[in-house]
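Scroll down for the structure; my scribbles are underneath it.
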Amino acid sequence: MKNYVLALAVFAAVPAQAGDLWLDINGFSQHSKDTYWYLGKKHKYNESNPGLGLTYRANKWLDFSAGFYENSYYHTTVYGAVRIGYEIALGDVVISPGLQSGFATGYEKTPVSSGLLRPFVFPSLRIAYRNIGVTIGYFPKITQPDIVAISIITMQVNIELGKQNQEKAHE
């Protein structure tokens, strides 16, 4: 765990030329089924997914994220992602639908049976009020041989660490 926190600290120390830096507090997920079978045993999905991440918002439509959390199979996942979306400002509220894509670890010895890096793509919705927000992601049903299809909703709290863009600093 110390290695993941250290990696996030290094990521946060990289000076940004423009954009915003946000702390992501990974929280929980909701699965369409409560249990799954793996190696002949029935298991309950983990819906408590604590972890931390950082998101660098380059502009209104592009974010870069990295972080870690405890996944649905009780393994530590480290992820890196790019999110393409668009911000719609309604006063102090910003709504941002988007599509997130990247790679995650921690799914090698699970029913998903991926390699070291598992690619992912999913739609997400971020709603923020001033410097705090919530991001909700939706993983559609996964259909693979020997896996019962499930869909997943995830939630993450976002806290702005600082505005880097001079124009925003003067608002």
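Each chain in the structure tokens gets a letter, A, B, ..., in the order shown, and its residues are numbered from 1; ligands are numbered from 1 in order too.
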
Any idea what's packed within 10 Å of His75 of chain A, counting only C-alpha atoms, ignoring anything in its chain fewer than 2 positions away? Could you give it as a list in words? Asn46, Asn49, Tyr69, Glu70, Asn71, Ser72, Tyr73, Thr77, Val78, Thr105, Gly106, Tyr107, Glu108, Lys109 and Thr110 of chain A

Just-selected residues, all heavy atoms written as a tab-separated table (two decimals), in the first residue's frame:
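Dumped to out_26.tsv:
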```tsv
chain	number	residue	atom	x	y	z
A	46	ASN	N	-17.18	-7.82	-3.51
A	46	ASN	CA	-16.79	-6.74	-2.62
A	46	ASN	C	-17.36	-5.44	-3.17
A	46	ASN	O	-17.04	-5.04	-4.28
A	46	ASN	CB	-15.26	-6.65	-2.56
A	46	ASN	CG	-14.79	-5.51	-1.71
A	46	ASN	OD1	-15.50	-5.02	-0.83
A	46	ASN	ND2	-13.57	-5.07	-1.95
A	49	ASN	N	-14.92	-0.38	-1.95
A	49	ASN	CA	-13.71	-0.30	-2.77
A	49	ASN	C	-12.85	0.90	-2.41
A	49	ASN	O	-12.67	1.80	-3.22
A	49	ASN	CB	-14.10	-0.26	-4.24
A	49	ASN	CG	-15.10	-1.32	-4.61
A	49	ASN	OD1	-16.23	-1.01	-4.94
A	49	ASN	ND2	-14.71	-2.57	-4.54
A	69	TYR	N	-7.37	1.01	-5.79
A	69	TYR	CA	-8.53	0.70	-4.95
A	69	TYR	C	-8.59	-0.81	-4.74
A	69	TYR	O	-7.91	-1.57	-5.42
A	69	TYR	CB	-9.84	1.19	-5.59
A	69	TYR	CG	-10.15	0.59	-6.92
A	69	TYR	CD1	-10.91	-0.57	-7.04
A	69	TYR	CD2	-9.69	1.18	-8.10
A	69	TYR	CE1	-11.19	-1.13	-8.26
A	69	TYR	CE2	-9.97	0.62	-9.33
A	69	TYR	CZ	-10.72	-0.53	-9.40
A	69	TYR	OH	-10.99	-1.09	-10.62
A	70	GLU	N	-9.41	-1.24	-3.79
A	70	GLU	CA	-9.66	-2.66	-3.59
A	70	GLU	C	-10.83	-3.04	-4.49
A	70	GLU	O	-11.93	-2.51	-4.35
A	70	GLU	CB	-10.00	-2.94	-2.12
A	70	GLU	CG	-10.13	-4.42	-1.83
A	70	GLU	CD	-10.34	-4.70	-0.37
A	70	GLU	OE1	-9.48	-4.31	0.45
A	70	GLU	OE2	-11.38	-5.30	-0.05
A	71	ASN	N	-10.60	-3.98	-5.42
A	71	ASN	CA	-11.62	-4.27	-6.42
A	71	ASN	C	-12.70	-5.23	-5.92
A	71	ASN	O	-12.71	-5.64	-4.77
A	71	ASN	CB	-10.97	-4.74	-7.73
A	71	ASN	CG	-10.33	-6.11	-7.64
A	71	ASN	OD1	-10.74	-6.98	-6.87
A	71	ASN	ND2	-9.30	-6.32	-8.45
A	72	SER	N	-13.59	-5.59	-6.81
A	72	SER	CA	-14.75	-6.42	-6.48
A	72	SER	C	-14.38	-7.83	-6.06
A	72	SER	O	-15.19	-8.56	-5.49
A	72	SER	CB	-15.69	-6.50	-7.68
A	72	SER	OG	-16.16	-5.21	-8.00
A	73	TYR	N	-13.13	-8.26	-6.34
A	73	TYR	CA	-12.66	-9.59	-5.98
A	73	TYR	C	-11.67	-9.55	-4.82
A	73	TYR	O	-10.91	-10.49	-4.61
A	73	TYR	CB	-12.03	-10.27	-7.20
A	73	TYR	CG	-12.99	-10.36	-8.36
A	73	TYR	CD1	-12.86	-9.51	-9.45
A	73	TYR	CD2	-14.03	-11.27	-8.35
A	73	TYR	CE1	-13.76	-9.58	-10.51
A	73	TYR	CE2	-14.93	-11.35	-9.39
A	73	TYR	CZ	-14.79	-10.50	-10.47
A	73	TYR	OH	-15.68	-10.57	-11.51
A	77	THR	N	-6.23	-3.04	-7.04
A	77	THR	CA	-6.16	-2.65	-8.45
A	77	THR	C	-5.42	-1.32	-8.55
A	77	THR	O	-5.67	-0.40	-7.78
A	77	THR	CB	-7.58	-2.48	-9.04
A	77	THR	OG1	-8.16	-3.77	-9.17
A	77	THR	CG2	-7.56	-1.80	-10.39
A	78	VAL	N	-4.50	-1.24	-9.49
A	78	VAL	CA	-3.83	0.01	-9.84
A	78	VAL	C	-4.30	0.34	-11.26
A	78	VAL	O	-4.35	-0.54	-12.11
A	78	VAL	CB	-2.29	-0.15	-9.80
A	78	VAL	CG1	-1.60	1.13	-10.26
A	78	VAL	CG2	-1.83	-0.53	-8.41
A	105	THR	N	-4.86	-3.27	-13.12
A	105	THR	CA	-4.28	-4.53	-12.66
A	105	THR	C	-5.21	-5.15	-11.62
A	105	THR	O	-6.21	-4.56	-11.24
A	105	THR	CB	-2.90	-4.29	-12.01
A	105	THR	OG1	-3.08	-3.53	-10.81
A	105	THR	CG2	-1.94	-3.57	-12.94
A	106	GLY	N	-4.85	-6.33	-11.13
A	106	GLY	CA	-5.57	-6.94	-10.01
A	106	GLY	C	-6.67	-7.89	-10.40
A	106	GLY	O	-7.46	-8.31	-9.56
A	107	TYR	N	-6.75	-8.29	-11.68
A	107	TYR	CA	-7.81	-9.19	-12.11
A	107	TYR	C	-7.27	-10.52	-12.65
A	107	TYR	O	-8.01	-11.29	-13.24
A	107	TYR	CB	-8.68	-8.50	-13.17
A	107	TYR	CG	-9.43	-7.33	-12.60
A	107	TYR	CD1	-8.90	-6.04	-12.64
A	107	TYR	CD2	-10.66	-7.51	-11.97
A	107	TYR	CE1	-9.57	-4.97	-12.08
A	107	TYR	CE2	-11.34	-6.44	-11.41
A	107	TYR	CZ	-10.79	-5.17	-11.47
A	107	TYR	OH	-11.45	-4.11	-10.91
A	108	GLU	N	-5.97	-10.80	-12.40
A	108	GLU	CA	-5.36	-12.01	-12.94
A	108	GLU	C	-5.97	-13.29	-12.38
A	108	GLU	O	-6.28	-14.21	-13.10
A	108	GLU	CB	-3.84	-12.06	-12.66
A	108	GLU	CG	-3.04	-10.85	-13.05
A	108	GLU	CD	-3.07	-9.76	-12.00
A	108	GLU	OE1	-2.82	-10.00	-10.81
A	108	GLU	OE2	-3.39	-8.64	-12.40
A	109	LYS	N	-6.13	-13.37	-11.07
A	109	LYS	CA	-6.63	-14.60	-10.43
A	109	LYS	C	-8.05	-14.39	-9.95
A	109	LYS	O	-8.37	-14.49	-8.77
A	109	LYS	CB	-5.71	-14.98	-9.27
A	109	LYS	CG	-4.32	-15.34	-9.74
A	109	LYS	CD	-3.39	-15.64	-8.60
A	109	LYS	CE	-2.00	-15.92	-9.14
A	109	LYS	NZ	-1.03	-16.12	-8.08
A	110	THR	N	-8.92	-14.07	-10.90
A	110	THR	CA	-10.34	-13.83	-10.64
A	110	THR	C	-11.14	-14.51	-11.75
A	110	THR	O	-10.55	-14.97	-12.73
A	110	THR	CB	-10.66	-12.31	-10.64
A	110	THR	OG1	-10.53	-11.82	-11.97
A	110	THR	CG2	-9.75	-11.54	-9.69
```

Long-range neighbours of segment 122-137 of chain A as a list in words, 9 Å cut-off, only C-alpha atoms, 4 positions minimum in chain: Trp22, Arg83, Gly85, Glu87, Asp92, Val93, Val94, Ile95, Ser96, Pro97, Gly98, Leu99, Gln100, Ser101, Ile152, Ile153, Thr154, Met155, Gln156, Val157, Asn158, Ile159, Glu160, Leu161 and Gly162 of chain A

For the residues in the current selection, export C-alpha atoms as a short mmCIF file (atom, residue, chain, number, x, y, z; two decimals), in the first residue's frame.
```cif
data_model
loop_
_atom_site.label_atom_id
_atom_site.label_comp_id
_atom_site.auth_asym_id
_atom_site.auth_seq_id
_atom_site.Cartn_x
_atom_site.Cartn_y
_atom_site.Cartn_z
CA TRP A 22 -8.20 16.64 -8.18
CA ARG A 83 -11.39 10.42 -19.88
CA GLY A 85 -16.03 14.28 -21.91
CA GLU A 87 -18.21 20.15 -19.06
CA ASP A 92 -21.43 26.78 -9.68
CA VAL A 93 -22.53 23.30 -10.77
CA VAL A 94 -20.60 21.51 -13.51
CA ILE A 95 -22.02 18.40 -15.19
CA SER A 96 -19.62 16.35 -17.27
CA PRO A 97 -20.72 13.24 -19.19
CA GLY A 98 -17.83 11.31 -20.65
CA LEU A 99 -16.14 8.09 -21.68
CA GLN A 100 -13.23 6.69 -19.66
CA SER A 101 -10.66 4.26 -21.04
CA ILE A 152 -21.50 -2.57 -12.18
CA ILE A 153 -22.05 0.99 -11.00
CA THR A 154 -19.10 2.69 -9.27
CA MET A 155 -18.86 5.90 -7.27
CA GLN A 156 -15.95 8.17 -6.49
CA VAL A 157 -15.73 11.49 -4.62
CA ASN A 158 -13.50 14.19 -6.19
CA ILE A 159 -11.88 17.07 -4.28
CA GLU A 160 -10.08 19.83 -6.15
CA LEU A 161 -6.52 20.29 -4.92
CA GLY A 162 -5.75 23.40 -6.93
#
```

Could you find all residues in segment 1-167 of chain A that DSSP calls helix (DSSP H, G or I) from the backbone, and write them as a compact mmCIF listing (two decimals) with N, CA and C atoms, in the first residue's frame?
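For reference, selection_36.txt as written:
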```txt
# COMPACT_ATOMS: atom_id res chain seq x y z
N LYS A 2 2.02 1.21 0.73
CA LYS A 2 2.90 2.38 0.77
C LYS A 2 3.40 2.73 -0.63
N ASN A 3 3.66 1.71 -1.46
CA ASN A 3 4.14 1.96 -2.82
C ASN A 3 3.10 2.72 -3.65
N TYR A 4 1.82 2.40 -3.46
CA TYR A 4 0.76 3.08 -4.21
C TYR A 4 0.64 4.54 -3.78
N VAL A 5 0.72 4.79 -2.47
CA VAL A 5 0.65 6.16 -1.97
C VAL A 5 1.85 6.96 -2.46
N LEU A 6 3.03 6.35 -2.45
CA LEU A 6 4.24 7.01 -2.94
C LEU A 6 4.11 7.35 -4.43
N ALA A 7 3.58 6.42 -5.22
CA ALA A 7 3.39 6.68 -6.65
C ALA A 7 2.43 7.84 -6.87
N LEU A 8 1.37 7.93 -6.08
CA LEU A 8 0.43 9.04 -6.20
C LEU A 8 1.09 10.36 -5.81
N ALA A 9 1.94 10.34 -4.80
CA ALA A 9 2.63 11.56 -4.38
C ALA A 9 3.55 12.05 -5.48
N VAL A 10 4.23 11.16 -6.16
CA VAL A 10 5.11 11.54 -7.27
C VAL A 10 4.28 12.12 -8.40
N PHE A 11 3.15 11.48 -8.72
CA PHE A 11 2.25 11.97 -9.77
C PHE A 11 1.76 13.38 -9.43
N ALA A 12 1.43 13.61 -8.15
CA ALA A 12 0.93 14.92 -7.73
C ALA A 12 2.01 15.99 -7.78
N ALA A 13 3.27 15.60 -7.63
CA ALA A 13 4.36 16.56 -7.61
C ALA A 13 4.75 17.06 -8.99
N GLN A 166 -4.07 30.17 -14.99
CA GLN A 166 -4.08 31.55 -14.50
C GLN A 166 -5.45 32.18 -14.61
N GLU A 167 -6.15 31.91 -15.72
CA GLU A 167 -7.48 32.50 -15.92
C GLU A 167 -8.43 32.04 -14.80
```

List every residue of segment 34-171 of chain A that DSSP, applied to the backbone of this structure, assigns to strand (DSSP E or B), and report them as a short mmCIF file (atom, residue, chain, number, x, y, z; two decimals) with N, CA and C atoms, in the first residue's frame.
```cif
data_model
loop_
_atom_site.label_atom_id
_atom_site.label_comp_id
_atom_site.auth_asym_id
_atom_site.auth_seq_id
_atom_site.Cartn_x
_atom_site.Cartn_y
_atom_site.Cartn_z
N THR A 35 -23.41 -12.43 -5.86
CA THR A 35 -22.37 -13.45 -5.73
C THR A 35 -21.86 -13.91 -7.09
N TYR A 36 -20.72 -14.61 -7.05
CA TYR A 36 -20.13 -15.20 -8.25
C TYR A 36 -19.47 -16.53 -7.85
N TRP A 37 -19.24 -17.38 -8.84
CA TRP A 37 -18.57 -18.66 -8.62
C TRP A 37 -17.15 -18.56 -9.14
N TYR A 38 -16.20 -19.07 -8.32
CA TYR A 38 -14.79 -19.10 -8.75
C TYR A 38 -14.12 -20.30 -8.10
N LYS A 41 -16.29 -22.48 -5.83
CA LYS A 41 -16.88 -21.92 -4.62
C LYS A 41 -17.66 -20.66 -4.94
N LYS A 42 -18.69 -20.43 -4.15
CA LYS A 42 -19.50 -19.23 -4.29
C LYS A 42 -18.89 -18.12 -3.42
N HIS A 43 -18.74 -16.93 -3.99
CA HIS A 43 -18.15 -15.78 -3.30
C HIS A 43 -19.09 -14.58 -3.41
N LYS A 44 -19.00 -13.70 -2.45
CA LYS A 44 -19.77 -12.44 -2.47
C LYS A 44 -18.88 -11.35 -3.06
N SER A 48 -17.29 -2.58 -1.25
CA SER A 48 -16.57 -1.50 -0.57
C SER A 48 -15.20 -1.44 -1.20
N ASN A 49 -14.92 -0.38 -1.95
CA ASN A 49 -13.71 -0.30 -2.77
C ASN A 49 -12.85 0.90 -2.41
N PRO A 50 -12.31 0.94 -1.18
CA PRO A 50 -11.52 2.10 -0.79
C PRO A 50 -10.23 2.22 -1.60
N GLY A 51 -9.84 3.46 -1.84
CA GLY A 51 -8.61 3.72 -2.56
C GLY A 51 -8.48 5.21 -2.85
N LEU A 52 -7.37 5.58 -3.43
CA LEU A 52 -7.09 6.98 -3.76
C LEU A 52 -6.60 7.09 -5.19
N GLY A 53 -6.80 8.25 -5.76
CA GLY A 53 -6.31 8.52 -7.10
C GLY A 53 -6.15 10.00 -7.31
N LEU A 54 -5.56 10.35 -8.41
CA LEU A 54 -5.42 11.75 -8.81
C LEU A 54 -5.91 11.90 -10.23
N THR A 55 -6.59 12.99 -10.48
CA THR A 55 -7.04 13.32 -11.84
C THR A 55 -6.51 14.68 -12.21
N TYR A 56 -5.89 14.74 -13.35
CA TYR A 56 -5.41 16.00 -13.91
C TYR A 56 -6.36 16.37 -15.05
N ARG A 57 -7.07 17.48 -14.89
CA ARG A 57 -7.99 17.94 -15.94
C ARG A 57 -7.23 18.90 -16.84
N ALA A 58 -6.89 18.43 -18.00
CA ALA A 58 -6.12 19.23 -18.95
C ALA A 58 -6.95 20.37 -19.52
N ASN A 59 -8.24 20.11 -19.77
CA ASN A 59 -9.14 21.12 -20.29
C ASN A 59 -10.58 20.62 -20.11
N LEU A 62 -10.74 16.76 -21.53
CA LEU A 62 -9.71 15.72 -21.40
C LEU A 62 -9.15 15.65 -19.98
N ASP A 63 -9.22 14.45 -19.37
CA ASP A 63 -8.68 14.18 -18.03
C ASP A 63 -7.71 13.00 -18.11
N PHE A 64 -6.72 13.01 -17.21
CA PHE A 64 -5.81 11.88 -17.04
C PHE A 64 -5.88 11.47 -15.58
N SER A 65 -6.03 10.16 -15.32
CA SER A 65 -6.18 9.68 -13.95
C SER A 65 -5.25 8.51 -13.67
N ALA A 66 -4.86 8.39 -12.41
CA ALA A 66 -4.09 7.24 -11.93
C ALA A 66 -4.46 7.03 -10.47
N GLY A 67 -4.46 5.78 -10.04
CA GLY A 67 -4.78 5.52 -8.65
C GLY A 67 -4.85 4.05 -8.33
N PHE A 68 -5.45 3.75 -7.18
CA PHE A 68 -5.61 2.36 -6.74
C PHE A 68 -6.88 2.24 -5.91
N TYR A 69 -7.37 1.01 -5.79
CA TYR A 69 -8.53 0.70 -4.95
C TYR A 69 -8.59 -0.81 -4.74
N GLU A 70 -9.41 -1.24 -3.79
CA GLU A 70 -9.66 -2.66 -3.59
C GLU A 70 -10.83 -3.04 -4.49
N THR A 76 -6.05 -5.71 -4.83
CA THR A 76 -5.69 -4.31 -5.07
C THR A 76 -5.56 -4.08 -6.57
N THR A 77 -6.23 -3.04 -7.04
CA THR A 77 -6.16 -2.65 -8.45
C THR A 77 -5.42 -1.32 -8.55
N VAL A 78 -4.50 -1.24 -9.49
CA VAL A 78 -3.83 0.01 -9.84
C VAL A 78 -4.30 0.34 -11.26
N TYR A 79 -4.68 1.60 -11.48
CA TYR A 79 -5.24 1.96 -12.79
C TYR A 79 -4.62 3.23 -13.34
N GLY A 80 -4.70 3.36 -14.63
CA GLY A 80 -4.35 4.57 -15.35
C GLY A 80 -5.40 4.75 -16.43
N ALA A 81 -5.89 5.98 -16.60
CA ALA A 81 -7.00 6.18 -17.53
C ALA A 81 -6.96 7.56 -18.17
N VAL A 82 -7.65 7.64 -19.30
CA VAL A 82 -7.91 8.90 -19.99
C VAL A 82 -9.43 9.02 -20.08
N ARG A 83 -9.93 10.19 -19.79
CA ARG A 83 -11.39 10.42 -19.88
C ARG A 83 -11.64 11.54 -20.87
N ILE A 84 -12.53 11.27 -21.82
CA ILE A 84 -12.95 12.28 -22.78
C ILE A 84 -14.41 12.61 -22.45
N GLY A 85 -14.68 13.86 -22.25
CA GLY A 85 -16.03 14.28 -21.91
C GLY A 85 -16.21 15.76 -22.24
N ILE A 88 -20.44 20.98 -18.77
CA ILE A 88 -21.56 21.89 -18.95
C ILE A 88 -21.73 22.63 -17.63
N ALA A 89 -21.48 23.94 -17.63
CA ALA A 89 -21.55 24.74 -16.41
C ALA A 89 -22.94 25.34 -16.25
N LEU A 90 -23.52 25.14 -15.08
CA LEU A 90 -24.82 25.72 -14.70
C LEU A 90 -24.58 26.48 -13.40
N VAL A 93 -22.44 24.74 -10.54
CA VAL A 93 -22.53 23.30 -10.77
C VAL A 93 -21.99 22.98 -12.16
N VAL A 94 -21.14 21.96 -12.24
CA VAL A 94 -20.60 21.51 -13.51
C VAL A 94 -21.00 20.05 -13.71
N ILE A 95 -21.62 19.76 -14.84
CA ILE A 95 -22.02 18.40 -15.19
C ILE A 95 -21.14 17.98 -16.36
N SER A 96 -20.54 16.79 -16.24
CA SER A 96 -19.62 16.35 -17.27
C SER A 96 -19.84 14.88 -17.64
N PRO A 97 -20.63 14.60 -18.69
CA PRO A 97 -20.72 13.24 -19.19
C PRO A 97 -19.45 12.91 -19.96
N GLY A 98 -19.04 11.65 -19.94
CA GLY A 98 -17.83 11.31 -20.65
C GLY A 98 -17.64 9.82 -20.83
N LEU A 99 -16.52 9.47 -21.44
CA LEU A 99 -16.14 8.09 -21.68
C LEU A 99 -14.72 7.91 -21.15
N GLN A 100 -14.53 6.92 -20.28
CA GLN A 100 -13.23 6.69 -19.66
C GLN A 100 -12.64 5.40 -20.20
N SER A 101 -11.34 5.41 -20.48
CA SER A 101 -10.66 4.26 -21.04
C SER A 101 -9.27 4.16 -20.43
N GLY A 102 -8.81 2.93 -20.20
CA GLY A 102 -7.48 2.76 -19.65
C GLY A 102 -7.17 1.31 -19.37
N PHE A 103 -6.25 1.12 -18.39
CA PHE A 103 -5.82 -0.22 -18.01
C PHE A 103 -5.83 -0.33 -16.50
N ALA A 104 -6.10 -1.57 -16.01
CA ALA A 104 -6.14 -1.83 -14.57
C ALA A 104 -5.47 -3.17 -14.29
N ARG A 118 -5.58 -5.20 -17.58
CA ARG A 118 -6.92 -5.41 -18.15
C ARG A 118 -7.41 -4.09 -18.74
N PRO A 119 -7.71 -4.06 -20.05
CA PRO A 119 -8.24 -2.82 -20.63
C PRO A 119 -9.68 -2.60 -20.19
N PHE A 120 -10.09 -1.35 -20.13
CA PHE A 120 -11.48 -1.03 -19.80
C PHE A 120 -11.93 0.21 -20.54
N VAL A 121 -13.22 0.27 -20.79
CA VAL A 121 -13.89 1.43 -21.38
C VAL A 121 -15.27 1.48 -20.74
N PHE A 122 -15.66 2.65 -20.22
CA PHE A 122 -17.00 2.76 -19.65
C PHE A 122 -17.45 4.22 -19.65
N PRO A 123 -18.77 4.44 -19.75
CA PRO A 123 -19.30 5.80 -19.66
C PRO A 123 -19.31 6.25 -18.20
N SER A 124 -19.15 7.55 -18.00
CA SER A 124 -19.19 8.10 -16.65
C SER A 124 -19.88 9.46 -16.64
N LEU A 125 -20.30 9.86 -15.47
CA LEU A 125 -20.93 11.15 -15.28
C LEU A 125 -20.34 11.79 -14.04
N ARG A 126 -19.78 12.99 -14.20
CA ARG A 126 -19.22 13.73 -13.06
C ARG A 126 -20.12 14.93 -12.81
N ILE A 127 -20.48 15.12 -11.55
CA ILE A 127 -21.24 16.29 -11.13
C ILE A 127 -20.43 16.97 -10.03
N ALA A 128 -20.10 18.25 -10.23
CA ALA A 128 -19.27 18.96 -9.26
C ALA A 128 -19.93 20.27 -8.86
N TYR A 129 -19.76 20.62 -7.61
CA TYR A 129 -20.18 21.92 -7.10
C TYR A 129 -18.94 22.58 -6.53
N ILE A 132 -15.80 20.33 -5.11
CA ILE A 132 -16.08 18.95 -4.72
C ILE A 132 -17.05 18.33 -5.72
N GLY A 133 -16.84 17.06 -6.01
CA GLY A 133 -17.69 16.42 -7.00
C GLY A 133 -17.86 14.93 -6.73
N VAL A 134 -18.68 14.33 -7.54
CA VAL A 134 -18.93 12.89 -7.51
C VAL A 134 -18.86 12.39 -8.94
N THR A 135 -18.16 11.28 -9.14
CA THR A 135 -18.12 10.65 -10.45
C THR A 135 -18.77 9.27 -10.34
N ILE A 136 -19.71 9.02 -11.23
CA ILE A 136 -20.41 7.74 -11.26
C ILE A 136 -20.05 7.07 -12.58
N GLY A 137 -19.58 5.82 -12.50
CA GLY A 137 -19.25 5.07 -13.70
C GLY A 137 -20.17 3.88 -13.86
N TYR A 138 -20.36 3.43 -15.09
CA TYR A 138 -21.23 2.30 -15.36
C TYR A 138 -20.51 1.30 -16.26
N PHE A 139 -20.28 0.10 -15.74
CA PHE A 139 -19.71 -0.98 -16.53
C PHE A 139 -20.88 -1.85 -17.00
N ILE A 152 -22.05 -3.19 -13.39
CA ILE A 152 -21.50 -2.57 -12.18
C ILE A 152 -21.66 -1.07 -12.25
N ILE A 153 -22.04 -0.46 -11.15
CA ILE A 153 -22.05 0.99 -11.00
C ILE A 153 -21.02 1.33 -9.94
N THR A 154 -20.14 2.28 -10.23
CA THR A 154 -19.10 2.69 -9.27
C THR A 154 -19.30 4.15 -8.88
N MET A 155 -18.77 4.51 -7.71
CA MET A 155 -18.86 5.90 -7.27
C MET A 155 -17.55 6.34 -6.65
N GLN A 156 -17.20 7.59 -6.93
CA GLN A 156 -15.95 8.17 -6.49
C GLN A 156 -16.23 9.63 -6.10
N VAL A 157 -15.62 10.09 -5.02
CA VAL A 157 -15.73 11.49 -4.62
C VAL A 157 -14.47 12.20 -5.11
N ASN A 158 -14.63 13.41 -5.65
CA ASN A 158 -13.50 14.19 -6.19
C ASN A 158 -13.38 15.50 -5.43
N ILE A 159 -12.15 15.82 -5.00
CA ILE A 159 -11.88 17.07 -4.28
C ILE A 159 -10.78 17.82 -5.03
N GLU A 160 -11.06 19.04 -5.41
CA GLU A 160 -10.08 19.83 -6.15
C GLU A 160 -8.93 20.22 -5.23
N LEU A 161 -7.71 19.94 -5.68
CA LEU A 161 -6.52 20.29 -4.92
C LEU A 161 -5.98 21.66 -5.30
N GLY A 162 -6.23 22.09 -6.53
CA GLY A 162 -5.75 23.40 -6.93
C GLY A 162 -6.00 23.70 -8.38
N LYS A 163 -6.18 24.97 -8.65
CA LYS A 163 -6.35 25.44 -10.02
C LYS A 163 -4.97 25.86 -10.52
#
```

Which value, in Å to one decimal, gives the distance between atom CA of Ile150 of chain A and atom CA of Glu47 of chain A? 13.3 Å
